[in-house]
$ cat work-v5.csv   # CSV, C-alpha atoms
chain,number,residue,atom,x,y,z
A,1,PRO,CA,-23.5,-5.3,-3.4
A,2,THR,CA,-22.9,-2.0,-1.6
A,3,PRO,CA,-25.5,0.6,-2.7
A,4,GLN,CA,-23.9,3.2,-4.9
A,5,LYS,CA,-25.1,6.0,-2.6
A,6,VAL,CA,-23.0,4.4,0.2
A,7,VAL,CA,-19.9,4.0,-2.1
A,8,ASP,CA,-20.1,7.7,-3.0
A,9,ALA,CA,-20.4,8.8,0.6
A,10,ALA,CA,-17.6,6.5,1.7
A,11,LEU,CA,-15.2,7.9,-1.0
A,12,ARG,CA,-16.2,11.5,0.0
A,13,LEU,CA,-15.6,10.7,3.7
A,14,ALA,CA,-12.1,9.4,2.8
A,15,LYS,CA,-11.5,12.6,0.8
A,16,VAL,CA,-10.2,10.6,-2.2
A,17,THR,CA,-8.2,12.6,-4.8
A,18,SER,CA,-6.5,11.8,-8.0
A,19,GLU,CA,-3.2,11.4,-6.0
A,20,ASP,CA,-4.6,8.5,-4.0
A,21,VAL,CA,-4.1,4.8,-4.5
A,22,LEU,CA,-7.1,2.9,-3.3
A,23,TRP,CA,-7.2,-0.8,-2.4
A,24,ASP,CA,-10.6,-2.4,-1.9
A,25,PHE,CA,-10.6,-5.6,0.1
A,26,GLY,CA,-13.4,-8.1,-0.9
A,27,CYS,CA,-14.1,-6.0,-4.0
A,28,ALA,CA,-17.2,-8.1,-5.2
A,29,ASP,CA,-18.3,-6.4,-8.4
A,30,GLY,CA,-15.6,-3.7,-8.2
A,31,ARG,CA,-17.9,-0.8,-7.7
A,32,ILE,CA,-15.7,0.9,-5.2
A,33,PRO,CA,-12.5,0.9,-7.2
A,34,VAL,CA,-14.4,1.6,-10.4
A,35,THR,CA,-16.2,4.6,-8.8
A,36,ALA,CA,-12.9,5.9,-7.3
A,37,ALA,CA,-11.2,5.7,-10.7
A,38,LYS,CA,-14.1,7.2,-12.6
A,39,GLU,CA,-15.0,10.0,-10.3
A,40,TYR,CA,-11.6,10.9,-8.8
A,41,GLY,CA,-9.1,9.7,-11.4
A,42,CYS,CA,-7.1,7.7,-8.9
A,43,LYS,CA,-5.5,4.4,-9.3
A,44,ALA,CA,-7.5,1.6,-7.7
A,45,TRP,CA,-7.0,-2.0,-6.9
A,46,GLY,CA,-9.7,-4.5,-6.0
A,47,PHE,CA,-8.9,-7.8,-4.3
A,48,ASP,CA,-11.2,-10.8,-3.9
A,49,ILE,CA,-10.8,-14.6,-3.4
A,50,ASP,CA,-13.8,-15.5,-5.6
A,51,PRO,CA,-12.9,-16.0,-9.3
A,52,GLN,CA,-16.5,-15.0,-10.3
A,53,ARG,CA,-16.2,-11.7,-8.4
A,54,ILE,CA,-12.9,-11.0,-10.3
A,55,LYS,CA,-14.6,-11.5,-13.6
A,56,ASP,CA,-17.5,-9.3,-12.5
A,57,SER,CA,-15.1,-6.5,-11.4
A,58,LEU,CA,-13.0,-6.7,-14.6
A,59,ALA,CA,-16.2,-6.4,-16.7
A,60,ASN,CA,-17.4,-3.5,-14.6
A,61,ALA,CA,-14.1,-1.7,-15.1
A,62,ARG,CA,-14.3,-2.3,-18.9
A,63,GLN,CA,-17.9,-1.1,-19.0
A,64,HIS,CA,-17.0,2.2,-17.3
A,65,GLY,CA,-13.8,2.7,-19.4
A,66,VAL,CA,-11.5,2.8,-16.4
A,67,GLN,CA,-9.5,-0.4,-17.0
A,68,ARG,CA,-6.2,1.7,-17.3
A,69,LEU,CA,-6.7,2.9,-13.7
A,70,VAL,CA,-8.3,-0.2,-12.1
A,71,THR,CA,-6.5,-3.4,-11.3
A,72,ILE,CA,-8.4,-6.4,-10.0
A,73,GLU,CA,-6.6,-9.4,-8.5
A,74,GLN,CA,-7.5,-12.7,-6.9
A,75,ARG,CA,-5.5,-12.4,-3.7
A,76,ASP,CA,-5.7,-13.3,-0.1
A,77,ILE,CA,-6.1,-9.9,1.6
A,78,PHE,CA,-4.3,-11.2,4.7
A,79,THR,CA,-1.0,-11.6,2.8
A,80,LEU,CA,-0.9,-8.2,1.1
A,81,ASP,CA,2.0,-5.8,1.9
A,82,LEU,CA,0.4,-2.5,3.0
A,83,SER,CA,3.5,-0.7,4.0
A,84,ALA,CA,4.2,1.0,0.7
A,85,GLY,CA,1.0,0.5,-1.3
A,86,PRO,CA,-2.4,2.2,-0.7
A,87,THR,CA,-3.3,5.6,0.7
A,88,VAL,CA,-6.9,4.5,1.1
A,89,VAL,CA,-8.2,1.1,2.0
A,90,THR,CA,-11.9,0.3,1.8
A,91,LEU,CA,-13.6,-2.8,3.2
A,92,TYR,CA,-17.1,-4.2,3.7
A,93,LEU,CA,-16.2,-7.3,5.7
A,94,LEU,CA,-17.5,-9.2,8.7
A,95,PRO,CA,-16.4,-7.7,12.1
A,96,ARG,CA,-14.2,-10.7,12.9
A,97,LEU,CA,-12.3,-10.1,9.6
A,98,ASN,CA,-11.9,-6.4,10.4
A,99,ALA,CA,-10.4,-7.5,13.7
A,100,GLN,CA,-8.0,-9.9,12.0
A,101,LEU,CA,-6.9,-7.2,9.6
A,102,SER,CA,-6.3,-4.7,12.3
A,103,PRO,CA,-2.6,-5.6,12.8
A,104,GLN,CA,-1.9,-5.5,9.1
A,105,LEU,CA,-3.7,-2.1,8.7
A,106,ARG,CA,-1.3,-0.6,11.3
A,107,LYS,CA,1.4,-0.9,8.7
A,108,LEU,CA,-0.2,1.7,6.4
A,109,PRO,CA,1.9,4.7,5.7
A,110,PRO,CA,1.2,8.0,7.5
A,111,GLY,CA,-1.7,9.9,6.1
A,112,ALA,CA,-3.4,6.7,4.8
A,113,ARG,CA,-7.1,6.3,5.5
A,114,VAL,CA,-9.3,3.2,6.2
A,115,ILE,CA,-13.0,3.1,5.4
A,116,SER,CA,-15.2,0.3,6.7
A,117,ILE,CA,-18.8,0.0,5.7
A,118,ALA,CA,-21.2,-1.4,8.3
A,119,HIS,CA,-18.6,-2.6,10.8
A,120,ARG,CA,-16.1,-1.1,13.2
A,121,MET,CA,-12.5,-2.1,13.5
A,122,ALA,CA,-12.5,-4.2,16.7
A,123,ASP,CA,-12.3,-1.8,19.7
A,124,ILE,CA,-10.5,1.1,17.9
A,125,LYS,CA,-12.6,4.2,18.0
A,126,PRO,CA,-13.1,5.7,14.5
A,127,ASP,CA,-11.9,9.2,13.6
A,128,GLU,CA,-15.2,9.9,11.9
A,129,GLN,CA,-18.5,8.1,11.4
A,130,ILE,CA,-21.5,8.8,9.1
A,131,VAL,CA,-24.8,7.2,8.5
A,132,VAL,CA,-26.0,6.8,4.9
A,133,ALA,CA,-29.8,6.3,4.3
A,134,THR,CA,-30.6,4.1,1.3
A,135,GLU,CA,-33.6,2.2,0.0
A,136,LEU,CA,-32.1,-0.8,1.7
A,137,GLY,CA,-31.9,0.9,5.1
A,138,GLU,CA,-29.2,2.8,6.9
A,139,PHE,CA,-25.5,2.0,6.5
A,140,ASP,CA,-22.8,3.1,9.0
A,141,VAL,CA,-19.5,4.2,7.3
A,142,TYR,CA,-16.4,4.5,9.5
A,143,LEU,CA,-13.1,6.3,8.9
A,144,TRP,CA,-9.8,5.7,10.6
A,145,LYS,CA,-6.5,7.4,9.9
A,146,ALA,CA,-3.4,5.2,9.9
A,147,GLU,CA,-2.1,7.2,12.9
A,148,THR,CA,-5.2,6.3,14.9
A,149,LEU,CA,-4.9,2.6,14.1
A,150,ARG,CA,-1.3,2.6,15.3
A,151,GLY,CA,-2.1,4.7,18.4
A,152,ASP,CA,0.2,7.5,17.3
$ encode --input "work-v5.csv" --output "structure tokens"
Amino acid sequence: PTPQKVVDAALRLAKVTSEDVLWDFGCADGRIPVTAAKEYGCKAWGFDIDPQRIKDSLANARQHGVQRLVTIEQRDIFTLDLSAGPTVVTLYLLPRLNAQLSPQLRKLPPGARVISIAHRMADIKPDEQIVVATELGEFDVYLWKAETLRGD
């Protein structure tokens, strides 16, 4: 799982507010959508293909009392319609999956932000990058604006 310190830094980098709708791709235990809902009061979705991760995420949302703000679904992230949904997308995926998602992420609405933990988005230069030191080592966190992903 992503260290909580990295989750917190990533959400600050994205400048998440209560007005945002966050989608987390490969949500694992749901700590990113749960933290976004709990700390910022935004609506958050987590998507994963593993049924056990879905159960873990739902339990995490219940444990933190944010189940009214957090939705967890077993879905293929490559088939999600991003054009009218999220204002923030978070991912901690392998570099090849980031590259595969790149065309889909270009459909995000203006003003949307993408956060990737540990891996860049193919050859697209990030708008911002930070390094977060944790007990497990350093984690790179990257931010792209939708306009940058589209080349606007």
$ closest_atom_pairs --input "work-v5.csv" --of "segment 78-113 of chain A" --to "segment 17-25 of chain A" --cutoff "9 Å" --atoms "all atoms listed in the file" --output "Markdown table"
| residue | atom | partner | partner_atom | distance |
| --- | --- | --- | --- | --- |
| A:Gly85 | CA | A:Val21 | CA | 7.4 |
| A:Pro86 | CA | A:Val21 | CA | 4.9 |
| A:Thr87 | CA | A:Val21 | CA | 5.3 |
| A:Val88 | CA | A:Leu22 | CA | 4.7 |
| A:Val89 | CA | A:Trp23 | CA | 4.9 |
| A:Thr90 | CA | A:Asp24 | CA | 4.8 |
| A:Leu91 | CA | A:Phe25 | CA | 5.1 |
| A:Tyr92 | CA | A:Phe25 | CA | 7.6 |
| A:Leu93 | CA | A:Phe25 | CA | 8.1 |
$ closest_atom_pairs --input "work-v5.csv" --of "segment 14-37 of chain A" --to "segment 53-67 of chain A" --cutoff "10 Å" --atoms "all atoms listed in the file" --output "tab-separated table"
residue	atom	partner	partner_atom	distance
A:Gly26	CA	A:Arg53	CA	8.8
A:Cys27	CA	A:Ser57	CA	7.5
A:Ala28	CA	A:Arg53	CA	4.9
A:Asp29	CA	A:Ser57	CA	4.4
A:Gly30	CA	A:Ser57	CA	4.3
A:Arg31	CA	A:Ser57	CA	7.3
A:Ile32	CA	A:Ser57	CA	9.7
A:Pro33	CA	A:Ala61	CA	8.5
A:Val34	CA	A:Ala61	CA	5.8
A:Thr35	CA	A:His64	CA	8.9
A:Ala36	CA	A:Val66	CA	9.7
A:Ala37	CA	A:Val66	CA	6.4
$ closest_residue --input "work-v5.csv" --among "A:Lys5, A:His119, A:Arg113, A:Arg68" --to "Val141 of chain A" --atoms "only C-alpha atoms"
A:His119
$ atom_distance --input "work-v5.csv" --atom1 "atom CA of Val114 of chain A" --atom2 "atom CA of Ala146 of chain A"
7.2 Å
$ axis_aligned_box --input "work-v5.csv" --around "segment 93-109 of chain A" --padding-each-side "5 Å" --output "lines of an AutoDock Vina configuration file"
center_x = -7.8
center_y = -3.0
center_z = 9.7
size_x = 29.4
size_y = 25.4
size_z = 18.0
$ closest_residue --input "work-v5.csv" --among "A:Asp48, A:Asp8, A:Glu147, A:Glu39" --to "Ala112 of chain A" --atoms "only C-alpha atoms"
A:Glu147
$ atom_distance --input "work-v5.csv" --atom1 "atom CA of Ile117 of chain A" --atom2 "atom CA of Leu105 of chain A"
15.5 Å
$ residues_near_point --input "work-v5.csv" --point "(-33.4, 1.8, 1.5)" --cutoff "12 Å" --atoms "only C-alpha atoms" --output "PyMOL selection string"
chain A and resi 2-6+132-139
$ atom_distance --input "work-v5.csv" --atom1 "atom CA of Gly111 of chain A" --atom2 "atom CA of Thr148 of chain A"
10.1 Å
$ residues_around --input "work-v5.csv" --residues "segment 98-104 of chain A" --least-positions-apart "6" --cutoff "8 Å" --atoms "all atoms listed in the file" --output "PyMOL selection string"
chain A and resi 78+82+119-122+149
$ closest_residue --input "work-v5.csv" --among "A:Leu11, A:Val70, A:Cys42, A:Ala84" --to "Pro110 of chain A" --atoms "only C-alpha atoms"
A:Ala84
$ decode --input "work-v5.csv" --residues "segment 99-138 of chain A" --atoms "C-alpha atoms" --output "compact mmCIF listing (two decimals), in the first residue's frame"
# COMPACT_ATOMS: atom_id res chain seq x y z
CA ALA A 99 1.48 4.97 -21.03
CA GLN A 100 -1.58 2.92 -22.05
CA LEU A 101 -3.86 5.27 -20.08
CA SER A 102 -2.39 8.42 -21.58
CA PRO A 103 -4.83 8.66 -24.54
CA GLN A 104 -7.78 8.17 -22.20
CA LEU A 105 -6.50 10.79 -19.74
CA ARG A 106 -6.41 13.34 -22.56
CA LYS A 107 -10.23 13.26 -22.46
CA LEU A 108 -10.35 14.78 -18.98
CA PRO A 109 -12.22 18.09 -18.72
CA PRO A 110 -10.27 21.37 -18.53
CA GLY A 111 -8.88 22.01 -15.07
CA ALA A 112 -8.67 18.33 -14.16
CA ARG A 113 -5.46 17.08 -12.56
CA VAL A 114 -3.68 13.73 -12.72
CA ILE A 115 -1.43 12.51 -9.93
CA SER A 116 0.89 9.56 -10.45
CA ILE A 117 2.88 8.04 -7.63
CA ALA A 118 6.32 6.68 -8.50
CA HIS A 119 5.99 6.70 -12.29
CA ARG A 120 5.84 9.31 -15.05
CA MET A 121 3.26 9.44 -17.81
CA ALA A 122 5.25 8.13 -20.78
CA ASP A 123 7.24 11.05 -22.21
CA ILE A 124 4.90 13.84 -21.08
CA LYS A 125 6.74 16.27 -18.81
CA PRO A 126 4.86 16.77 -15.51
CA ASP A 127 3.64 20.22 -14.46
CA GLU A 128 5.01 19.58 -10.97
CA GLN A 129 7.01 16.90 -9.20
CA ILE A 130 7.77 16.38 -5.53
CA VAL A 131 9.73 13.78 -3.60
CA VAL A 132 8.25 12.42 -0.38
CA ALA A 133 10.57 10.76 2.13
CA THR A 134 9.05 7.89 4.10
CA GLU A 135 10.27 5.04 6.26
CA LEU A 136 10.11 2.89 3.09
CA GLY A 137 12.29 5.27 1.08
CA GLU A 138 11.60 8.18 -1.24
